[in-house]
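Novice: Here you go, this is run.txt (compact mmCIF, C-alpha atoms).
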# COMPACT_ATOMS: atom_id res chain seq x y z
CA MET D 1 -52.06 70.21 35.43
CA ASN D 2 -54.97 69.00 37.53
CA THR D 3 -56.23 71.46 40.14
CA PRO D 4 -56.82 69.88 43.58
CA ARG D 5 -60.54 70.02 44.37
CA SER D 6 -59.88 71.02 47.95
CA ALA D 7 -58.32 74.33 46.92
CA ALA D 8 -59.66 77.35 48.80
CA PRO D 9 -61.02 80.31 46.82
CA SER D 10 -58.39 82.60 45.27
CA GLY D 11 -56.98 85.13 47.76
CA LYS D 12 -57.66 82.97 50.81
CA GLY D 13 -54.83 80.52 50.38
CA LEU D 14 -54.92 76.82 49.75
CA SER D 15 -55.92 74.32 52.38
CA PRO D 16 -52.93 72.45 53.87
CA ALA D 17 -53.85 69.30 51.94
CA ALA D 18 -54.31 71.17 48.68
CA CYS D 19 -51.00 72.98 49.09
CA ARG D 20 -49.15 69.71 49.70
CA ALA D 21 -50.87 68.07 46.73
CA TYR D 22 -50.09 70.98 44.42
CA LEU D 23 -46.40 71.08 45.35
CA ALA D 24 -46.13 67.29 45.07
CA ASP D 25 -47.64 67.52 41.59
CA LEU D 26 -45.07 70.13 40.61
CA GLU D 27 -42.21 67.85 41.62
CA ARG D 28 -42.99 65.54 38.72
CA PHE D 29 -41.65 68.22 36.37
CA GLY D 30 -38.15 67.68 37.82
CA ILE D 31 -35.35 70.09 36.95
CA LYS D 32 -35.67 72.41 33.98
CA LEU D 33 -32.83 74.70 32.94
CA GLY D 34 -33.72 78.10 31.50
CA LEU D 35 -35.11 81.42 32.66
CA ASP D 36 -37.97 82.22 30.26
CA ASN D 37 -40.69 80.64 32.43
CA MET D 38 -39.39 82.32 35.56
CA ARG D 39 -39.29 85.74 33.93
CA ALA D 40 -42.83 85.33 32.55
CA LEU D 41 -44.18 84.22 35.93
CA LEU D 42 -42.55 87.09 37.81
CA ARG D 43 -43.74 89.58 35.20
CA GLY D 44 -47.27 88.31 35.77
CA LEU D 45 -46.80 88.85 39.51
CA GLY D 46 -45.62 92.43 38.99
CA ASP D 47 -41.87 91.69 39.18
CA PRO D 48 -41.71 91.46 42.98
CA HIS D 49 -37.92 90.99 42.93
CA GLU D 50 -37.49 94.58 41.73
CA ALA D 51 -39.07 96.01 44.88
CA TYR D 52 -36.01 95.60 47.16
CA PRO D 53 -32.22 95.13 46.94
CA LEU D 54 -30.86 91.60 46.59
CA ILE D 55 -27.68 89.65 47.30
CA HIS D 56 -27.10 86.54 45.17
CA VAL D 57 -25.06 83.58 46.50
CA ALA D 58 -23.80 80.65 44.41
CA GLY D 59 -21.21 77.94 45.04
CA THR D 60 -20.80 74.19 45.36
CA ASN D 61 -20.39 74.19 49.12
CA GLY D 62 -20.87 76.89 51.72
CA LYS D 63 -23.47 78.95 49.87
CA GLY D 64 -26.22 78.24 52.39
CA SER D 65 -23.96 79.01 55.34
CA VAL D 66 -22.67 82.22 53.73
CA ALA D 67 -26.21 83.30 52.85
CA ALA D 68 -27.35 82.67 56.43
CA MET D 69 -24.36 84.55 57.86
CA LEU D 70 -24.89 87.51 55.56
CA ALA D 71 -28.60 87.67 56.41
CA ALA D 72 -27.70 87.61 60.12
CA ILE D 73 -25.14 90.39 59.63
CA LEU D 74 -27.65 92.61 57.85
CA THR D 75 -30.34 91.85 60.42
CA ARG D 76 -27.88 92.75 63.19
CA SER D 77 -27.34 96.05 61.32
CA GLY D 78 -31.01 96.90 61.94
CA ARG D 79 -32.55 95.87 58.64
CA ARG D 80 -35.50 93.68 57.79
CA ILE D 81 -33.87 90.94 55.68
CA GLY D 82 -35.37 88.11 53.68
CA LEU D 83 -33.48 84.84 53.18
CA TYR D 84 -34.30 82.21 50.56
CA THR D 85 -32.44 78.87 50.67
CA SER D 86 -32.83 75.25 49.62
CA PRO D 87 -33.49 72.48 50.29
CA HIS D 88 -35.51 72.45 53.47
CA LEU D 89 -34.87 69.87 56.18
CA VAL D 90 -38.27 69.22 57.76
CA ARG D 91 -40.82 71.83 56.57
CA VAL D 92 -40.92 73.61 53.22
CA GLU D 93 -41.55 76.91 54.99
CA GLU D 94 -37.93 76.80 56.24
CA ARG D 95 -36.80 77.97 52.79
CA ILE D 96 -38.34 81.43 53.17
CA ARG D 97 -37.33 83.51 56.20
CA ILE D 98 -37.40 87.11 57.36
CA ASN D 99 -34.98 88.06 60.14
CA GLY D 100 -34.45 84.37 60.82
CA ARG D 101 -38.14 83.44 61.18
CA PRO D 102 -39.66 81.06 58.61
CA VAL D 103 -42.75 82.18 56.73
CA SER D 104 -45.95 81.19 58.55
CA GLU D 105 -47.90 78.26 57.14
CA GLY D 106 -50.85 80.58 56.41
CA ASP D 107 -48.75 83.13 54.53
CA PHE D 108 -47.01 80.37 52.60
CA ARG D 109 -50.30 78.81 51.48
CA LEU D 110 -51.57 82.23 50.45
CA ARG D 111 -48.48 82.90 48.30
CA ILE D 112 -48.81 79.49 46.64
CA ALA D 113 -52.50 80.13 45.94
CA VAL D 114 -51.70 83.45 44.26
CA ILE D 115 -48.94 81.90 42.17
CA ARG D 116 -51.04 78.90 41.17
CA ALA D 117 -53.85 81.20 39.99
CA LYS D 118 -51.36 83.31 38.04
CA ILE D 119 -49.88 80.22 36.38
CA GLN D 120 -53.35 79.10 35.31
CA GLU D 121 -53.99 82.56 33.86
CA LEU D 122 -50.67 82.62 32.01
CA ARG D 123 -51.19 79.10 30.69
CA ALA D 124 -54.66 80.02 29.42
CA ALA D 125 -53.18 83.06 27.65
CA ARG D 126 -50.39 80.85 26.24
CA ILE D 127 -47.76 83.07 27.81
CA LEU D 128 -46.48 79.97 29.59
CA ASP D 129 -46.16 76.90 27.39
CA VAL D 130 -45.29 74.54 30.24
CA SER D 131 -45.82 74.63 33.96
CA PRO D 132 -43.08 76.14 36.14
CA THR D 133 -41.20 73.62 38.24
CA TYR D 134 -41.35 73.08 42.00
CA PHE D 135 -38.21 75.17 42.51
CA GLU D 136 -39.46 77.98 40.26
CA VAL D 137 -42.75 78.20 42.16
CA LEU D 138 -40.99 78.26 45.54
CA THR D 139 -38.57 80.92 44.29
CA ALA D 140 -41.49 83.04 43.09
CA ALA D 141 -43.22 82.50 46.45
CA ALA D 142 -40.15 83.79 48.29
CA LEU D 143 -39.76 86.86 46.09
CA LEU D 144 -43.47 87.63 46.38
CA HIS D 145 -43.47 87.13 50.16
CA PHE D 146 -40.52 89.48 50.61
CA ARG D 147 -42.33 92.21 48.68
CA GLU D 148 -45.57 91.73 50.60
CA LYS D 149 -43.71 91.94 53.91
CA ARG D 150 -41.73 95.00 52.78
CA VAL D 151 -38.23 93.73 53.47
CA ASP D 152 -35.31 96.14 53.27
CA GLY D 153 -33.36 93.57 51.27
CA ALA D 154 -33.03 89.84 50.68
CA VAL D 155 -30.35 87.19 50.28
CA LEU D 156 -31.00 84.51 47.64
CA GLU D 157 -29.17 81.20 47.55
CA VAL D 158 -28.78 79.62 44.12
CA GLY D 159 -30.40 76.20 43.91
CA MET D 160 -27.99 74.58 41.46
CA GLY D 161 -25.33 75.99 39.17
CA GLY D 162 -26.15 79.60 38.52
CA ARG D 163 -26.43 80.49 34.84
CA PHE D 164 -29.84 78.85 34.34
CA ASP D 165 -30.96 78.71 37.98
CA ALA D 166 -34.41 80.18 38.65
CA THR D 167 -32.88 82.76 41.00
CA ASN D 168 -30.73 84.19 38.19
CA VAL D 169 -33.43 86.59 37.01
CA VAL D 170 -32.28 89.17 39.55
CA ARG D 171 -29.77 92.02 39.31
CA PRO D 172 -28.18 92.04 42.77
CA LEU D 173 -26.12 94.54 44.70
CA VAL D 174 -23.37 91.93 44.92
CA SER D 175 -22.84 88.42 43.55
CA ILE D 176 -21.04 85.80 45.65
CA ILE D 177 -19.40 82.55 44.56
CA THR D 178 -18.28 80.63 47.64
CA THR D 179 -16.51 77.54 46.29
CA VAL D 180 -16.32 75.39 43.17
CA SER D 181 -15.97 71.61 43.41
CA ARG D 182 -17.49 68.53 41.82
CA ASP D 183 -21.24 68.09 42.21
CA HIS D 184 -24.32 67.88 39.95
CA MET D 185 -21.96 66.99 37.10
CA GLU D 186 -24.77 65.55 34.98
CA TYR D 187 -26.14 69.10 34.71
CA LEU D 188 -23.13 71.37 35.20
CA GLY D 189 -20.31 69.52 33.44
CA ASN D 190 -17.58 67.05 34.33
CA THR D 191 -14.67 69.46 34.93
CA LEU D 192 -14.11 72.24 37.45
CA ALA D 193 -13.83 74.73 34.59
CA LYS D 194 -17.27 73.77 33.24
CA ILE D 195 -18.83 73.87 36.70
CA ALA D 196 -17.22 77.26 37.35
CA PHE D 197 -18.61 78.55 34.05
CA GLU D 198 -22.14 77.70 35.18
CA LYS D 199 -21.66 79.33 38.59
CA ALA D 200 -20.04 82.39 37.03
CA GLY D 201 -23.29 82.82 35.10
CA ILE D 202 -24.63 84.85 38.06
CA ILE D 203 -22.09 87.59 37.37
CA LYS D 204 -23.85 90.70 36.03
CA PRO D 205 -22.42 93.71 34.16
CA GLY D 206 -20.83 96.11 36.61
CA VAL D 207 -22.03 94.24 39.73
CA PRO D 208 -19.27 93.46 42.28
CA VAL D 209 -18.36 89.80 42.68
CA VAL D 210 -17.01 88.26 45.89
CA SER D 211 -15.17 84.97 45.33
CA GLY D 212 -14.03 82.48 47.95
CA VAL D 213 -12.82 80.10 45.22
CA ALA D 214 -9.30 78.72 45.62
CA PRO D 215 -6.66 79.47 42.95
CA GLY D 216 -6.84 77.15 39.94
CA GLN D 217 -8.85 76.58 36.78
CA ALA D 218 -12.17 77.43 38.43
CA LEU D 219 -10.96 80.81 39.65
CA ALA D 220 -9.47 81.52 36.22
CA VAL D 221 -12.94 81.05 34.69
CA ILE D 222 -14.50 83.41 37.25
CA ARG D 223 -11.81 86.02 36.66
CA ARG D 224 -12.40 85.88 32.91
CA ARG D 225 -16.16 86.20 33.29
CA ALA D 226 -15.84 89.13 35.70
CA GLU D 227 -13.50 90.89 33.29
CA GLU D 228 -15.92 90.33 30.39
CA GLU D 229 -18.77 91.81 32.42
CA LYS D 230 -16.61 94.63 33.84
CA ALA D 231 -17.65 93.40 37.28
CA PRO D 232 -15.23 94.32 40.11
CA LEU D 233 -13.84 91.05 41.52
CA ILE D 234 -12.97 90.71 45.21
CA GLU D 235 -10.93 87.56 45.84
CA VAL D 236 -11.43 86.80 49.52
CA PHE D 237 -8.23 84.78 49.84
CA GLY D 238 -6.22 86.64 47.21
CA ARG D 239 -3.36 89.10 47.44
CA GLY D 240 -3.64 91.67 50.19
CA ALA D 241 -5.71 89.33 52.38
CA SER D 242 -4.71 86.84 55.06
CA PHE D 243 -6.69 84.15 56.85
CA GLU D 244 -5.50 82.59 60.09
CA SER D 245 -7.22 79.57 61.57
CA ARG D 246 -7.16 79.06 65.33
CA PHE D 247 -9.41 76.04 65.13
CA ARG D 248 -9.27 73.59 67.99
CA GLY D 249 -12.64 71.86 67.85
CA GLY D 250 -14.32 75.23 68.35
CA GLY D 251 -13.70 78.07 65.97
CA ARG D 252 -11.62 81.26 66.16
CA PHE D 253 -10.35 82.87 62.98
CA LEU D 254 -8.52 86.04 62.05
CA TYR D 255 -9.20 87.56 58.64
CA ARG D 256 -7.41 90.66 57.35
CA ALA D 257 -8.41 92.38 54.11
CA GLY D 258 -8.59 95.92 52.77
CA GLY D 259 -7.06 97.38 55.91
CA ASN D 260 -9.72 95.73 58.09
CA VAL D 261 -9.21 93.08 60.75
CA PHE D 262 -12.07 90.66 61.47
CA ARG D 263 -12.05 88.43 64.55
CA LEU D 264 -14.45 85.72 63.50
CA ALA D 265 -16.02 83.22 65.88
CA PRO D 266 -18.82 81.54 63.91
CA SER D 267 -21.37 79.58 65.86
CA LEU D 268 -21.34 77.08 63.00
CA THR D 269 -18.93 74.21 63.63
CA GLY D 270 -15.93 73.32 61.52
CA GLU D 271 -12.80 74.96 60.15
CA HIS D 272 -14.49 75.43 56.77
CA GLN D 273 -17.01 77.72 58.47
CA GLY D 274 -14.18 80.13 59.22
CA ARG D 275 -13.60 80.48 55.48
CA ASN D 276 -17.33 80.87 54.91
CA ALA D 277 -17.33 83.60 57.55
CA ALA D 278 -14.51 85.40 55.74
CA VAL D 279 -16.53 85.31 52.50
CA ALA D 280 -19.58 86.72 54.32
CA ALA D 281 -17.43 89.44 55.92
CA ALA D 282 -15.95 90.44 52.56
CA ALA D 283 -19.42 90.63 51.00
CA ALA D 284 -20.70 92.73 53.89
CA ARG D 285 -17.89 95.23 53.36
CA VAL D 286 -18.88 95.52 49.70
CA LEU D 287 -22.46 96.22 50.79
CA ASP D 288 -21.12 98.88 53.16
CA LYS D 289 -19.81 100.69 50.09
CA VAL D 290 -22.60 100.10 47.55
CA TRP D 291 -25.71 100.09 49.77
CA SER D 292 -25.68 101.28 53.39
CA PRO D 293 -23.36 101.09 56.40
CA VAL D 294 -22.30 97.71 57.76
CA GLY D 295 -19.73 97.92 60.55
CA ILE D 296 -17.07 95.42 61.55
CA ARG D 297 -18.79 94.90 64.90
CA GLU D 298 -22.08 94.00 63.20
CA ILE D 299 -20.21 91.61 60.91
CA GLU D 300 -18.50 89.83 63.79
CA GLU D 301 -21.69 89.67 65.89
CA GLY D 302 -23.84 88.54 62.97
CA ILE D 303 -21.46 85.68 62.19
CA ARG D 304 -21.36 84.74 65.86
CA ASP D 305 -25.17 84.72 66.05
CA THR D 306 -25.88 82.74 62.87
CA ARG D 307 -27.89 79.58 63.34
CA TRP D 308 -27.97 77.15 60.43
CA GLU D 309 -29.20 73.60 60.84
CA GLY D 310 -27.67 70.52 59.25
CA ARG D 311 -24.10 71.81 59.05
CA LEU D 312 -22.17 69.88 61.70
CA GLU D 313 -25.15 70.61 63.87
CA ARG D 314 -24.92 69.32 67.44
CA ALA D 315 -28.07 67.26 67.95
CA GLY D 316 -27.44 65.05 70.94
CA THR D 317 -25.28 64.21 73.95
CA ARG D 318 -24.08 60.93 75.50
CA PRO D 319 -23.14 60.12 72.80
CA ARG D 320 -22.61 63.39 70.99
CA VAL D 321 -24.49 63.47 67.68
CA PHE D 322 -23.54 65.71 64.75
CA LEU D 323 -25.69 66.13 61.64
CA ASP D 324 -24.16 67.28 58.36
CA GLY D 325 -25.57 67.35 54.85
CA ALA D 326 -22.19 66.55 53.22
CA HIS D 327 -23.11 65.04 49.87
CA ASN D 328 -20.02 65.65 47.72
CA GLU D 329 -16.25 65.36 47.98
CA ALA D 330 -15.67 68.83 49.41
CA GLY D 331 -18.37 68.32 52.04
CA ALA D 332 -16.90 64.94 52.98
CA GLU D 333 -13.45 66.53 53.35
CA ALA D 334 -14.88 69.15 55.73
CA VAL D 335 -16.54 66.53 57.94
CA ALA D 336 -13.45 64.28 57.92
CA ALA D 337 -11.27 67.25 58.90
CA PHE D 338 -13.60 68.06 61.80
CA ILE D 339 -13.56 64.46 63.05
CA LYS D 340 -9.76 64.55 63.07
CA SER D 341 -9.34 68.01 64.56
CA ALA D 342 -11.96 67.48 67.27
CA ALA D 343 -10.40 64.12 68.24
CA ALA D 344 -13.85 62.54 68.30
CA ARG D 345 -13.96 59.43 70.52
CA ARG D 346 -15.22 56.15 69.02
CA PRO D 347 -16.68 57.91 65.95
CA VAL D 348 -19.54 56.06 64.27
CA LEU D 349 -20.98 57.19 60.95
CA VAL D 350 -24.61 56.82 59.82
CA PHE D 351 -24.49 57.29 56.07
CA ALA D 352 -27.06 57.51 53.29
CA VAL D 353 -26.68 59.16 49.91
CA MET D 354 -28.41 59.73 46.59
CA LYS D 355 -27.59 57.36 43.72
CA ASP D 356 -26.42 60.18 41.45
CA LYS D 357 -23.64 61.31 43.81
CA ALA D 358 -19.97 60.31 43.63
CA VAL D 359 -20.50 57.61 46.26
CA GLY D 360 -17.14 55.92 45.86
CA ARG D 361 -15.11 59.12 46.07
CA ILE D 362 -17.12 60.39 49.06
CA ALA D 363 -16.60 57.06 50.84
CA ARG D 364 -12.83 57.09 50.28
CA ILE D 365 -12.65 60.50 51.95
CA LEU D 366 -15.11 60.07 54.82
CA PHE D 367 -15.13 56.39 55.77
CA PRO D 368 -11.46 56.15 56.92
CA ALA D 369 -12.15 58.89 59.51
CA VAL D 370 -14.57 56.74 61.53
CA ARG D 371 -14.41 53.53 63.52
CA ARG D 372 -17.71 51.99 62.38
CA ILE D 373 -20.10 52.71 59.50
CA ILE D 374 -23.83 52.04 59.35
CA LEU D 375 -25.24 52.28 55.85
CA THR D 376 -28.92 53.11 55.64
CA THR D 377 -31.39 54.76 53.28
CA ILE D 378 -34.19 57.33 53.22
CA PRO D 379 -37.62 57.43 51.55
CA TYR D 380 -36.63 59.26 48.36
CA LYS D 381 -36.71 57.70 44.90
CA ARG D 382 -33.15 58.91 44.23
CA ALA D 383 -31.77 57.38 47.42
CA ALA D 384 -29.26 54.54 47.16
CA SER D 385 -29.84 51.34 49.11
CA PRO D 386 -27.26 50.21 51.68
CA GLU D 387 -26.24 47.41 49.32
CA GLU D 388 -25.69 49.87 46.46
CA ILE D 389 -23.52 52.08 48.68
CA LEU D 390 -21.40 49.14 49.86
CA ALA D 391 -20.90 48.03 46.24
CA LYS D 392 -19.21 51.39 45.60
CA ALA D 393 -17.06 51.10 48.74
CA PRO D 394 -16.17 47.41 49.20
CA ALA D 395 -12.84 48.20 50.88
CA PHE D 396 -14.73 49.25 54.02
CA ALA D 397 -16.94 46.16 54.32
CA SER D 398 -15.20 44.87 57.45
CA LYS D 399 -16.30 47.85 59.53
CA THR D 400 -19.69 48.34 57.89
CA VAL D 401 -23.20 47.36 58.97
CA LEU D 402 -26.22 47.49 56.66
CA GLU D 403 -29.45 48.70 58.27
CA PRO D 404 -32.12 50.02 55.87
CA ASP D 405 -34.37 51.23 58.70
CA LEU D 406 -33.11 54.71 59.58
CA GLY D 407 -34.49 54.71 63.11
CA LYS D 408 -32.78 51.39 63.87
CA ALA D 409 -29.57 52.60 62.21
CA LEU D 410 -29.48 55.66 64.46
CA ALA D 411 -30.17 53.59 67.59
CA GLN D 412 -27.45 51.10 66.65
CA ALA D 413 -24.96 53.91 66.06
CA ARG D 414 -25.65 55.27 69.55
CA ARG D 415 -25.02 51.86 71.09
CA LEU D 416 -21.78 51.37 69.17
CA ALA D 417 -20.48 54.82 70.11
CA GLY D 418 -21.41 54.49 73.78
CA PRO D 419 -22.11 57.44 76.11
CA GLY D 420 -18.65 58.93 75.64
CA GLY D 421 -18.48 58.47 71.87
CA THR D 422 -19.63 60.45 68.86
CA VAL D 423 -22.15 59.72 66.10
CA PHE D 424 -21.96 61.51 62.78
CA VAL D 425 -24.89 61.52 60.37
CA ALA D 426 -23.88 62.56 56.85
CA GLY D 427 -24.38 62.00 53.12
CA SER D 428 -27.42 64.12 52.31
CA LEU D 429 -29.44 67.05 53.61
CA PHE D 430 -32.49 64.87 53.00
CA LEU D 431 -30.98 62.33 55.43
CA VAL D 432 -30.45 65.10 57.98
CA GLY D 433 -34.08 66.14 57.60
CA GLU D 434 -35.33 62.60 58.19
CA VAL D 435 -33.12 62.19 61.27
CA LYS D 436 -34.38 65.49 62.67
CA LYS D 437 -37.95 64.20 62.29
CA ILE D 438 -37.01 61.10 64.28
CA LEU D 439 -35.28 63.10 66.99
CA ARG D 440 -38.20 65.54 67.30
CA SER D 441 -40.72 62.72 67.54
CA ARG D 442 -38.84 61.45 70.59
Represent the structure contained in this file as structure tokens.

Specialist:
Amino acid sequence: MNTPRSAAPSGKGLSPAACRAYLADLERFGIKLGLDNMRALLRGLGDPHEAYPLIHVAGTNGKGSVAAMLAAILTRSGRRIGLYTSPHLVRVEERIRINGRPVSEGDFRLRIAVIRAKIQELRAARILDVSPTYFEVLTAAALLHFREKRVDGAVLEVGMGGRFDATNVVRPLVSIITTVSRDHMEYLGNTLAKIAFEKAGIIKPGVPVVSGVAPGQALAVIRRRAEEEKAPLIEVFGRGASFESRFRGGGRFLYRAGGNVFRLAPSLTGEHQGRNAAVAAAAARVLDKVWSPVGIREIEEGIRDTRWEGRLERAGTRPRVFLDGAHNEAGAEAVAAFIKSAAARRPVLVFAVMKDKAVGRIARILFPAVRRIILTTIPYKRAASPEEILAKAPAFASKTVLEPDLGKALAQARRLAGPGGTVFVAGSLFLVGEVKKILRSR
């Protein structure tokens, strides 16, 4: 790999331009499954992930929300808590947080400089045969940052799958699998059982597992894996638990489990966030037993206080604007359910998606819920064009407009919705990030 000439001396961090160039160069390596490189890199850095307790969160949908809720709960309990998530929306530093605050640009560039130097050293010694990927480097940066800042614990969100994800080098206090549905099938398999097998790969011998997965073949796979690893399995919506939704556009939920009653009022919008909150509450109660005290009050207040962008995020008024990263069938179902339950007036959808997603199936779920659809695109090589999206959803052509310019698409959606209407932006977290850039520039 070529080293950017503008790099600052080791120990002082990279310049902003050098840091951007280095990370951009790493992205050409794409996705690489396997843990050998990650283990070698962390060993070279002194195994920073062994310096503090960890919570590991996997799942098709909801894992970012659950991770954010759990971090907020533990922060509310008086701890210094790291949170590592992906992808970011606007700035890469968003992925690495302590008590809700993203890593500073200076600290981030310093961590990347240290890791880049270590990679060069390990490559020269032939300990690393190939360069770590973009995601592996960012994961190492998060784990290193948390050690340097002396966190009390950290919550790690799996990037994709679980078994071969770069985060799966850790032995956590508790493993969490939020949901299993169809996504990333080119890597994880084309059935729910195969996808569940990959996600169940985070289960470690003897480590408690919290599952929010619905009954069916996916849950059967998780049960089998937990039994093989002698890992206690807590099924959030299983026997002995009850979940009551009082959702009316806002969110009030009652969750009973293990003799406890949780009155959940997540700040995150949507009925599905009530279920995510129940998963976070169940995981917090496990931590109360295996780590240190976490009370019901802290759980309820942490869930209430959680802020997590891009998940039915309210981003405008007159018309109301909601941003959601829904990029698979389950995500589309959640947004469509919210549109129906909230009785959104004159709903207009701005939609862009990656080519490798199940565009047709997503469209059949989401498009009937809205009055008008504006198909657009974003500046990513994997992004589908408006024409490619429409080709996968021709049944909706009569209420669809094609506008490749995202700024114009957003403006047109506002006009169509009118001051009393609602605009939904969905299809990709990358789309949400680009829209947030436009909104902030205004």

Novice: For Lys199 in chain D, find every residue with an atom within 7 Å (counting only C-alpha atoms), except residues of its own chain fewer than 2 positions away, and show them as a PDB file with C-alpha atoms, in the frame of the given file.

Specialist:
ATOM      1  CA  ALA D  58     -23.800  80.650  44.410  1.00  0.00           C
ATOM      2  CA  GLY D  59     -21.210  77.940  45.040  1.00  0.00           C
ATOM      3  CA  GLY D 161     -25.330  75.990  39.170  1.00  0.00           C
ATOM      4  CA  GLY D 162     -26.150  79.600  38.520  1.00  0.00           C
ATOM      5  CA  ARG D 163     -26.430  80.490  34.840  1.00  0.00           C
ATOM      6  CA  ILE D 195     -18.830  73.870  36.700  1.00  0.00           C
ATOM      7  CA  ALA D 196     -17.220  77.260  37.350  1.00  0.00           C
ATOM      8  CA  PHE D 197     -18.610  78.550  34.050  1.00  0.00           C
ATOM      9  CA  GLY D 201     -23.290  82.820  35.100  1.00  0.00           C
ATOM     10  CA  ILE D 202     -24.630  84.850  38.060  1.00  0.00           C
TER      11      ILE D 202
END

Novice: Show me, as a PyMOL selection string, the residues that have an atom within 6 Å of range 90-93 of chain D when counting all atoms listed in the file, minus same-chain residues fewer than 2 positions from it.

Specialist: chain D and resi 88+95-96+102-103+433

Novice: Determine, counting only C-alpha atoms, which protein, DNA and RNA residues have an atom within 8 Å of an atom of Ser181 in chain D; residues of the same chain fewer than 2 positions away are not included. Present the result as a ChimeraX atom specification.

Specialist: /D:60-61,179,183,192,195,329-330

Novice: Keeping C-alpha atoms, export the residues of the selection given above as a PDB file, keeping the file's coordinate frame.

Specialist:
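Generated output (part-v5.pdb):
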ATOM      1  CA  THR D  60     -20.800  74.190  45.360  1.00  0.00           C
ATOM      2  CA  ASN D  61     -20.390  74.190  49.120  1.00  0.00           C
ATOM      3  CA  THR D 179     -16.510  77.540  46.290  1.00  0.00           C
ATOM      4  CA  ASP D 183     -21.240  68.090  42.210  1.00  0.00           C
ATOM      5  CA  LEU D 192     -14.110  72.240  37.450  1.00  0.00           C
ATOM      6  CA  ILE D 195     -18.830  73.870  36.700  1.00  0.00           C
ATOM      7  CA  GLU D 329     -16.250  65.360  47.980  1.00  0.00           C
ATOM      8  CA  ALA D 330     -15.670  68.830  49.410  1.00  0.00           C
TER       9      ALA D 330
END

Novice: Between CA of Gly274 in chain D and CA of Ala337 in chain D, what distance in Å does the model show, to one decimal?

Specialist: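 Spanning CA of Gly274 in chain D to CA of Ala337 in chain D is a straight-line distance of 13.2 Å.
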
Novice: Mind giving me the straight-line distance from CA of Ile438 in chain D to CA of Arg311 in chain D in Å, one decimal?

Specialist: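 Separating CA of Ile438 in chain D from CA of Arg311 in chain D is a distance of 17.6 Å.
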
Novice: Could you give me, as number ranges by chain, the residues that have an atom at most 12 Å away from the point (-20.3, 45.1, 56.2) in the coordinates of the file, using all atoms listed in the file?

Specialist: D: 372-376, 386-387, 389-391, 393-403

Novice: Record the distance separating CA of Glu229 in chain D and CA of Leu35 in chain D, expressed in Å with one decimal.

Specialist: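 Between CA of Glu229 in chain D and CA of Leu35 in chain D the gap is 19.4 Å.
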
Novice: I'd like to know which of D:Leu143, D:Leu254, D:Val286, D:Ala18 is closest to Ile176 in chain D, using all atoms listed in the file.

Specialist: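 For Ile176 in chain D, the nearest of the given residues is D:Val286.
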
Novice: I want to know what sits within 10 Å of range 203-215 of chain D, based on only C-alpha atoms, with residues of the same chain fewer than 2 positions away left out; could you give that as a VMD selection string?

Specialist: chain D and resid 56 to 60 62 162 to 163 168 170 to 181 196 199 to 201 217 to 220 222 to 223 225 to 238 275 to 276 278 to 280 282 to 284 286 to 287 290

Novice: Within 9 Å of (-29.0, 92.3, 63.5) in the file's own coordinates, which protein, DNA or RNA residues have an atom, counting only C-alpha atoms? List them as a PyMOL selection string.

Specialist: chain D and resi 71-80+99+298+301-302+305

Novice: Within 8 Å of range 266-272 of chain D, counting all atoms listed in the file, which residues qualify if same-chain residues fewer than 3 places away don't, as a VMD selection string?

Specialist: chain D and resid 245 247 249 to 252 275 to 277 303 to 308 311 to 313 334 to 335 337 to 338

Novice: Point out the residue among D:Ala140, D:Ile112, D:Ala51, D:Leu41 with the least atom-to-atom distance to Arg20 in chain D, counting all atoms listed in the file.

Specialist: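 Going through D:Ala140, D:Ile112, D:Ala51, D:Leu41 one by one, the smallest distance to Arg20 in chain D is for D:Ile112.
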
Novice: Counting only C-alpha atoms, which of D:Gly189, D:Gly420, D:Gly34, D:Pro16 gets nearest to Ala113 in chain D?

Specialist: D:Pro16

Novice: For Gly100 in chain D, which residue out of D:Asp129, D:Lys32, D:Ser292, D:Leu70 is the nearest one, using only C-alpha atoms?

Specialist: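 Checking each of D:Asp129, D:Lys32, D:Ser292, D:Leu70 against Gly100 in chain D, counting only C-alpha atoms, the winner is D:Leu70.
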